[in-house]
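Heads up, model04.cif below (mmCIF, C-alpha atoms):
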data_upload
#
loop_
_atom_site.group_PDB
_atom_site.id
_atom_site.type_symbol
_atom_site.label_atom_id
_atom_site.label_comp_id
_atom_site.auth_asym_id
_atom_site.auth_seq_id
_atom_site.Cartn_x
_atom_site.Cartn_y
_atom_site.Cartn_z
ATOM 1 C CA MET X 1 -13.223 3.524 5.723
ATOM 2 C CA ASN X 2 -10.129 4.987 4.105
ATOM 3 C CA TYR X 3 -7.977 3.447 1.391
ATOM 4 C CA TRP X 4 -4.215 3.447 1.039
ATOM 5 C CA LEU X 5 -1.330 2.095 -0.987
ATOM 6 C CA ILE X 6 1.823 0.629 0.536
ATOM 7 C CA LYS X 7 4.921 -0.201 -1.489
ATOM 8 C CA SER X 8 7.412 -2.978 -1.039
ATOM 9 C CA GLU X 9 10.224 -4.222 -3.211
ATOM 10 C CA PRO X 10 9.390 -7.894 -3.821
ATOM 11 C CA TYR X 11 12.976 -9.053 -3.343
ATOM 12 C CA LYS X 12 12.850 -7.557 0.177
ATOM 13 C CA TYR X 13 9.249 -8.369 1.128
ATOM 14 C CA SER X 14 6.812 -9.764 -1.408
ATOM 15 C CA TRP X 15 3.082 -10.410 -1.275
ATOM 16 C CA GLU X 16 3.952 -14.108 -0.954
ATOM 17 C CA ASN X 17 6.097 -13.367 2.126
ATOM 18 C CA PHE X 18 3.239 -11.299 3.540
ATOM 19 C CA GLU X 19 0.702 -14.106 3.027
ATOM 20 C CA ALA X 20 3.061 -16.626 4.621
ATOM 21 C CA ASP X 21 3.641 -14.354 7.640
ATOM 22 C CA LYS X 22 -0.115 -13.669 8.023
ATOM 23 C CA LYS X 23 0.701 -10.280 9.591
ATOM 24 C CA THR X 24 3.496 -7.716 9.408
ATOM 25 C CA ILE X 25 4.693 -4.473 10.928
ATOM 26 C CA TRP X 26 5.087 -1.712 8.318
ATOM 27 C CA ASP X 27 8.176 -0.049 9.760
ATOM 28 C CA GLY X 28 11.239 1.779 8.517
ATOM 29 C CA VAL X 29 9.286 4.620 6.890
ATOM 30 C CA ARG X 30 11.419 7.777 6.999
ATOM 31 C CA ASN X 31 9.430 10.246 4.938
ATOM 32 C CA TYR X 32 7.161 12.763 6.674
ATOM 33 C CA ALA X 33 4.303 12.564 4.162
ATOM 34 C CA ALA X 34 4.345 8.746 4.278
ATOM 35 C CA ARG X 35 4.524 8.892 8.094
ATOM 36 C CA ASN X 36 1.487 11.183 8.169
ATOM 37 C CA ASN X 37 -0.396 8.679 6.042
ATOM 38 C CA LEU X 38 0.505 5.902 8.476
ATOM 39 C CA LYS X 39 -0.763 8.057 11.346
ATOM 40 C CA ALA X 40 -4.066 8.654 9.519
ATOM 41 C CA MET X 41 -4.773 4.933 9.089
ATOM 42 C CA LYS X 42 -7.543 3.402 11.159
ATOM 43 C CA LYS X 43 -8.143 -0.225 12.087
ATOM 44 C CA ASN X 44 -9.852 -2.102 9.217
ATOM 45 C CA ASP X 45 -8.784 0.434 6.556
ATOM 46 C CA LEU X 46 -7.634 -1.292 3.357
ATOM 47 C CA ALA X 47 -4.371 -0.725 1.498
ATOM 48 C CA PHE X 48 -3.248 -1.873 -1.908
ATOM 49 C CA PHE X 49 0.016 -3.829 -1.734
ATOM 50 C CA TYR X 50 2.260 -2.591 -4.541
ATOM 51 C CA HIS X 51 5.416 -4.328 -5.767
ATOM 52 C CA SER X 52 7.855 -1.514 -6.535
ATOM 53 C CA ASN X 53 10.986 -1.575 -8.691
ATOM 54 C CA GLU X 54 10.385 -5.187 -9.822
ATOM 55 C CA GLY X 55 6.974 -5.917 -11.258
ATOM 56 C CA MET X 56 5.662 -2.409 -10.581
ATOM 57 C CA GLU X 57 2.124 -3.616 -9.990
ATOM 58 C CA ILE X 58 -0.604 -3.779 -7.373
ATOM 59 C CA VAL X 59 -0.872 -7.425 -6.368
ATOM 60 C CA GLY X 60 -3.125 -7.534 -3.310
ATOM 61 C CA ILE X 61 -5.005 -5.792 -0.544
ATOM 62 C CA ALA X 62 -3.823 -5.496 3.056
ATOM 63 C CA LYS X 63 -5.968 -4.646 6.071
ATOM 64 C CA VAL X 64 -4.896 -2.426 8.984
ATOM 65 C CA VAL X 65 -5.002 -4.602 12.108
ATOM 66 C CA LYS X 66 -3.227 -2.223 14.502
ATOM 67 C CA GLU X 67 -3.062 1.556 14.268
ATOM 68 C CA PHE X 68 0.183 3.504 14.473
ATOM 69 C CA TYR X 69 2.659 3.283 17.314
ATOM 70 C CA LYS X 70 6.335 4.133 17.747
ATOM 71 C CA ASP X 71 8.521 2.426 15.154
ATOM 72 C CA PRO X 72 10.752 -0.067 17.010
ATOM 73 C CA THR X 73 13.461 0.325 14.330
ATOM 74 C CA SER X 74 14.029 3.975 15.318
ATOM 75 C CA LYS X 75 15.185 5.662 18.513
ATOM 76 C CA ASP X 76 13.376 8.811 17.349
ATOM 77 C CA ASP X 77 9.739 9.079 18.526
ATOM 78 C CA THR X 78 8.927 10.897 15.272
ATOM 79 C CA TRP X 79 8.660 7.669 13.300
ATOM 80 C CA VAL X 80 5.736 5.271 13.515
ATOM 81 C CA CYS X 81 4.641 1.911 12.169
ATOM 82 C CA VAL X 82 1.321 0.194 11.467
ATOM 83 C CA GLU X 83 0.426 -3.499 11.481
ATOM 84 C CA PHE X 84 -1.205 -5.117 8.441
ATOM 85 C CA ALA X 85 -2.645 -8.517 7.616
ATOM 86 C CA PRO X 86 -3.282 -9.875 4.118
ATOM 87 C CA TYR X 87 -6.883 -9.302 3.103
ATOM 88 C CA LYS X 88 -7.148 -10.444 -0.511
ATOM 89 C CA LYS X 89 -4.904 -11.220 -3.459
ATOM 90 C CA LEU X 90 -6.065 -9.474 -6.630
ATOM 91 C CA LYS X 91 -7.401 -11.784 -9.345
ATOM 92 C CA ARG X 92 -4.922 -10.172 -11.699
ATOM 93 C CA PRO X 93 -2.139 -7.711 -10.816
ATOM 94 C CA VAL X 94 -2.683 -4.164 -12.083
ATOM 95 C CA SER X 95 0.493 -2.670 -13.508
ATOM 96 C CA LEU X 96 1.742 0.881 -13.157
ATOM 97 C CA ALA X 97 1.566 1.191 -16.958
ATOM 98 C CA GLU X 98 -2.157 0.298 -16.863
ATOM 99 C CA ILE X 99 -2.765 2.799 -14.070
ATOM 100 C CA LYS X 100 -0.941 5.589 -15.919
ATOM 101 C CA ALA X 101 -2.911 4.822 -19.092
ATOM 102 C CA ASP X 102 -6.287 4.940 -17.338
ATOM 103 C CA GLU X 103 -8.011 8.343 -17.508
ATOM 104 C CA ILE X 104 -9.758 7.796 -14.171
ATOM 105 C CA LEU X 105 -6.451 7.198 -12.353
ATOM 106 C CA GLN X 106 -4.359 10.086 -13.745
ATOM 107 C CA ASN X 107 -4.265 11.961 -10.415
ATOM 108 C CA MET X 108 -3.670 8.971 -8.174
ATOM 109 C CA ASP X 109 -0.882 9.478 -5.591
ATOM 110 C CA LEU X 110 0.950 6.515 -7.139
ATOM 111 C CA VAL X 111 1.199 8.477 -10.398
ATOM 112 C CA ARG X 112 1.661 12.025 -9.066
ATOM 113 C CA LEU X 113 3.893 11.237 -6.074
ATOM 114 C CA SER X 114 5.761 8.263 -7.451
ATOM 115 C CA ARG X 115 8.460 8.223 -4.756
ATOM 116 C CA LEU X 116 5.997 8.202 -1.839
ATOM 117 C CA SER X 117 6.092 4.783 -0.136
ATOM 118 C CA VAL X 118 2.731 5.101 1.653
ATOM 119 C CA GLY X 119 0.016 6.975 -0.206
ATOM 120 C CA SER X 120 -3.674 7.630 -0.016
ATOM 121 C CA VAL X 121 -6.185 6.188 -2.471
ATOM 122 C CA LYS X 122 -9.554 7.786 -3.164
ATOM 123 C CA PRO X 123 -12.615 5.484 -3.025
ATOM 124 C CA PHE X 124 -13.272 5.796 -6.780
ATOM 125 C CA GLU X 125 -9.590 4.944 -7.461
ATOM 126 C CA PHE X 126 -9.858 1.889 -5.221
ATOM 127 C CA ASP X 127 -12.978 0.738 -7.074
ATOM 128 C CA ARG X 128 -11.349 1.351 -10.468
ATOM 129 C CA ILE X 129 -8.249 -0.708 -9.574
ATOM 130 C CA LEU X 130 -10.510 -3.556 -8.413
ATOM 131 C CA ALA X 131 -12.399 -3.368 -11.723
ATOM 132 C CA LEU X 132 -9.132 -3.417 -13.700
ATOM 133 C CA SER X 133 -7.966 -6.480 -11.750
ATOM 134 C CA GLU X 134 -11.052 -8.345 -12.969
ATOM 135 C CA LEU X 135 -10.227 -7.734 -16.653
ATOM 136 C CA LYS X 136 -8.384 -10.392 -18.612
#
Let me see the structure of the file written as structure tokens.
Amino acid sequence: MNYWLIKSEPYKYSWENFEADKKTIWDGVRNYAARNNLKAMKKNDLAFFYHSNEGMEIVGIAKVVKEFYKDPTSKDDTWVCVEFAPYKKLKRPVSLAEIKADEILQNMDLVRLSRLSVGSVKPFEFDRILALSELK
């Protein structure tokens, strides 16, 4: 299993919207590195759901339910989308400030490649974020 991080601005599409919809197409990605990450995703991979701009925190975990296919919002075959379903809401959101302050997470894509909308997450980073979400 691989781990990922997907970003959404909560005023456009929040975790609450995602839970209500029960499934969504992750489309509209127009960055080659992010597109390559979408193409690398496999069914049942897990992705942190990150609220960007507002909140700036990981709030939940999404599960890949359908691997990449042509993005219906583009006429160009270059761009792809992936389908996700909500998997689990974190017990406590983990903020970007917490992530940046954590020695274990210093090289996380979210920190190093802050503008990337779809990034990879190493297994130890995934486990560390889950541990941080359990702290009060």
Result set, the PyMOL selection byres ((chain X and resi 86) around 6) on current file, as a tab-separated table (two decimals) with C-alpha atoms, in the frame of the given file:
chain	number	residue	atom	x	y	z
X	19	GLU	CA	0.70	-14.11	3.03
X	62	ALA	CA	-3.82	-5.50	3.06
X	85	ALA	CA	-2.64	-8.52	7.62
X	87	TYR	CA	-6.88	-9.30	3.10
Using all atoms listed in the file, collect all residues at a distance of at most 6 Å from (-6.4, 2.5, 12.3) as written in the file, then present them as number ranges by chain.
-> X: 41-43, 67
On this file, the PyMOL selection byres ((chain X and resi 34) around 12) gives some set of residues; write that set as a PDB file with C-alpha atoms, keeping the file's coordinate frame.
ATOM      1  CA  TRP X   4      -4.215   3.447   1.039  1.00  0.00           C
ATOM      2  CA  LEU X   5      -1.330   2.095  -0.987  1.00  0.00           C
ATOM      3  CA  ILE X   6       1.823   0.629   0.536  1.00  0.00           C
ATOM      4  CA  LYS X   7       4.921  -0.201  -1.489  1.00  0.00           C
ATOM      5  CA  TRP X  26       5.087  -1.712   8.318  1.00  0.00           C
ATOM      6  CA  ASP X  27       8.176  -0.049   9.760  1.00  0.00           C
ATOM      7  CA  GLY X  28      11.239   1.779   8.517  1.00  0.00           C
ATOM      8  CA  VAL X  29       9.286   4.620   6.890  1.00  0.00           C
ATOM      9  CA  ARG X  30      11.419   7.777   6.999  1.00  0.00           C
ATOM     10  CA  ASN X  31       9.430  10.246   4.938  1.00  0.00           C
ATOM     11  CA  TYR X  32       7.161  12.763   6.674  1.00  0.00           C
ATOM     12  CA  ALA X  33       4.303  12.564   4.162  1.00  0.00           C
ATOM     13  CA  ARG X  35       4.524   8.892   8.094  1.00  0.00           C
ATOM     14  CA  ASN X  36       1.487  11.183   8.169  1.00  0.00           C
ATOM     15  CA  ASN X  37      -0.396   8.679   6.042  1.00  0.00           C
ATOM     16  CA  LEU X  38       0.505   5.902   8.476  1.00  0.00           C
ATOM     17  CA  LYS X  39      -0.763   8.057  11.346  1.00  0.00           C
ATOM     18  CA  ALA X  40      -4.066   8.654   9.519  1.00  0.00           C
ATOM     19  CA  MET X  41      -4.773   4.933   9.089  1.00  0.00           C
ATOM     20  CA  TRP X  79       8.660   7.669  13.300  1.00  0.00           C
ATOM     21  CA  VAL X  80       5.736   5.271  13.515  1.00  0.00           C
ATOM     22  CA  CYS X  81       4.641   1.911  12.169  1.00  0.00           C
ATOM     23  CA  VAL X  82       1.321   0.194  11.467  1.00  0.00           C
ATOM     24  CA  ASP X 109      -0.882   9.478  -5.591  1.00  0.00           C
ATOM     25  CA  LEU X 113       3.893  11.237  -6.074  1.00  0.00           C
ATOM     26  CA  SER X 114       5.761   8.263  -7.451  1.00  0.00           C
ATOM     27  CA  ARG X 115       8.460   8.223  -4.756  1.00  0.00           C
ATOM     28  CA  LEU X 116       5.997   8.202  -1.839  1.00  0.00           C
ATOM     29  CA  SER X 117       6.092   4.783  -0.136  1.00  0.00           C
ATOM     30  CA  VAL X 118       2.731   5.101   1.653  1.00  0.00           C
ATOM     31  CA  GLY X 119       0.016   6.975  -0.206  1.00  0.00           C
ATOM     32  CA  SER X 120      -3.674   7.630  -0.016  1.00  0.00           C
TER      33      SER X 120
END
So, counting all atoms listed in the file, which residue among X:Asn44, X:Thr24, X:Asn107, X:Asn17 is closest to X:Asn2?
-> X:Asn44
Calculate, to one decimal in Å, the centre and edge lengths of the box along x, y and z of the file that holds all listed atoms of stretch 87-105 of chain X with 3 Å of margin on each side, and present them as AutoDock Vina command-line options.
--center_x -4.0 --center_y -1.7 --center_z -8.0 --size_x 17.5 --size_y 26.1 --size_z 28.2
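Atom CA of X:Leu96 lies 11.9 Å from atom CA of X:Arg112.
For the pair atom CA of X:Pro123 and atom CA of X:Met1, the interatomic distance is 9.0 Å.
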When you draw a straight line from atom CA of X:Val65 to atom CA of X:Ile99, how long is it in Å?
-> 27.3 Å
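Residues selected in this file by the PyMOL selection byres ((chain X and resi 94) around 6) comprise Glu57, Ile58, Pro93, Ser95 and Ser133 of chain X.
Between X:Val111 and the residues X:Ala97, X:Leu130, X:Val59, X:Ala20, the shortest atom-to-atom distance, using only C-alpha atoms, involves X:Ala97.
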Of X:Arg128, X:Lys75, X:Lys100, X:Arg92, the one sitting nearest X:Gly60 when using all atoms listed in the file is X:Arg92
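Shortest atom-to-atom contact with X:Phe124 among X:Lys12, X:Ser74, X:Phe48, X:Ile104: X:Ile104, counting only C-alpha atoms.
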Answer as a ChimeraX atom specification, residues within 12 Å of (3.6, -15.0, -2.6) using all atoms listed in the file = /X:10-11,13-22,49,51,59-60,86,88-90
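The smallest atom-to-atom distance between X:Phe68 and any of X:Ile25, X:Ala101, X:Val121, X:Leu132, using all atoms listed in the file, is found for X:Ile25.
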Working from the structure I just supplied, which lacks atoms in stretch 105-128 of chain X, can you model N, CA and C atoms there and output them as a tab-separated table (two decimals), in the coordinates of the input?
chain	number	residue	atom	x	y	z
X	105	LEU	N	-7.51	7.31	-13.37
X	105	LEU	CA	-6.45	7.20	-12.35
X	105	LEU	C	-5.30	8.19	-12.54
X	106	GLN	N	-5.43	9.15	-13.42
X	106	GLN	CA	-4.36	10.09	-13.74
X	106	GLN	C	-3.83	10.87	-12.54
X	107	ASN	N	-4.69	11.16	-11.57
X	107	ASN	CA	-4.26	11.96	-10.42
X	107	ASN	C	-4.02	11.14	-9.16
X	108	MET	N	-3.94	9.85	-9.31
X	108	MET	CA	-3.67	8.97	-8.17
X	108	MET	C	-2.29	9.30	-7.59
X	109	ASP	N	-2.17	9.22	-6.25
X	109	ASP	CA	-0.88	9.48	-5.59
X	109	ASP	C	0.24	8.64	-6.21
X	110	LEU	N	-0.06	7.40	-6.54
X	110	LEU	CA	0.95	6.52	-7.14
X	110	LEU	C	1.54	7.11	-8.41
X	111	VAL	N	0.75	7.85	-9.15
X	111	VAL	CA	1.20	8.48	-10.40
X	111	VAL	C	1.85	9.83	-10.11
X	112	ARG	N	1.19	10.65	-9.33
X	112	ARG	CA	1.66	12.02	-9.07
X	112	ARG	C	2.85	12.08	-8.11
X	113	LEU	N	2.86	11.23	-7.11
X	113	LEU	CA	3.89	11.24	-6.07
X	113	LEU	C	4.61	9.89	-6.09
X	114	SER	N	5.24	9.60	-7.19
X	114	SER	CA	5.76	8.26	-7.45
X	114	SER	C	6.78	7.76	-6.42
X	115	ARG	N	7.44	8.66	-5.72
X	115	ARG	CA	8.46	8.22	-4.76
X	115	ARG	C	7.89	8.00	-3.35
X	116	LEU	N	6.63	8.34	-3.15
X	116	LEU	CA	6.00	8.20	-1.84
X	116	LEU	C	5.71	6.72	-1.56
X	117	SER	N	6.21	6.22	-0.43
X	117	SER	CA	6.09	4.78	-0.14
X	117	SER	C	4.76	4.39	0.49
X	118	VAL	N	4.05	5.35	1.07
X	118	VAL	CA	2.73	5.10	1.65
X	118	VAL	C	1.84	6.25	1.20
X	119	GLY	N	0.86	5.93	0.35
X	119	GLY	CA	0.02	6.98	-0.21
X	119	GLY	C	-1.45	6.73	0.05
X	120	SER	N	-2.23	7.77	-0.16
X	120	SER	CA	-3.67	7.63	-0.02
X	120	SER	C	-4.28	7.22	-1.36
X	121	VAL	N	-5.44	6.61	-1.29
X	121	VAL	CA	-6.18	6.19	-2.47
X	121	VAL	C	-7.63	6.64	-2.27
X	122	LYS	N	-8.16	7.34	-3.24
X	122	LYS	CA	-9.55	7.79	-3.16
X	122	LYS	C	-10.49	6.59	-3.41
X	123	PRO	N	-11.69	6.62	-2.83
X	123	PRO	CA	-12.62	5.48	-3.02
X	123	PRO	C	-12.86	5.13	-4.49
X	124	PHE	N	-13.03	6.12	-5.37
X	124	PHE	CA	-13.27	5.80	-6.78
X	124	PHE	C	-12.03	5.18	-7.42
X	125	GLU	N	-10.82	5.55	-6.95
X	125	GLU	CA	-9.59	4.94	-7.46
X	125	GLU	C	-9.50	3.48	-7.01
X	126	PHE	N	-9.86	3.25	-5.76
X	126	PHE	CA	-9.86	1.89	-5.22
X	126	PHE	C	-10.79	1.00	-6.05
X	127	ASP	N	-12.00	1.50	-6.29
X	127	ASP	CA	-12.98	0.74	-7.07
X	127	ASP	C	-12.49	0.49	-8.50
X	128	ARG	N	-11.84	1.49	-9.09
X	128	ARG	CA	-11.35	1.35	-10.47
X	128	ARG	C	-10.24	0.30	-10.55
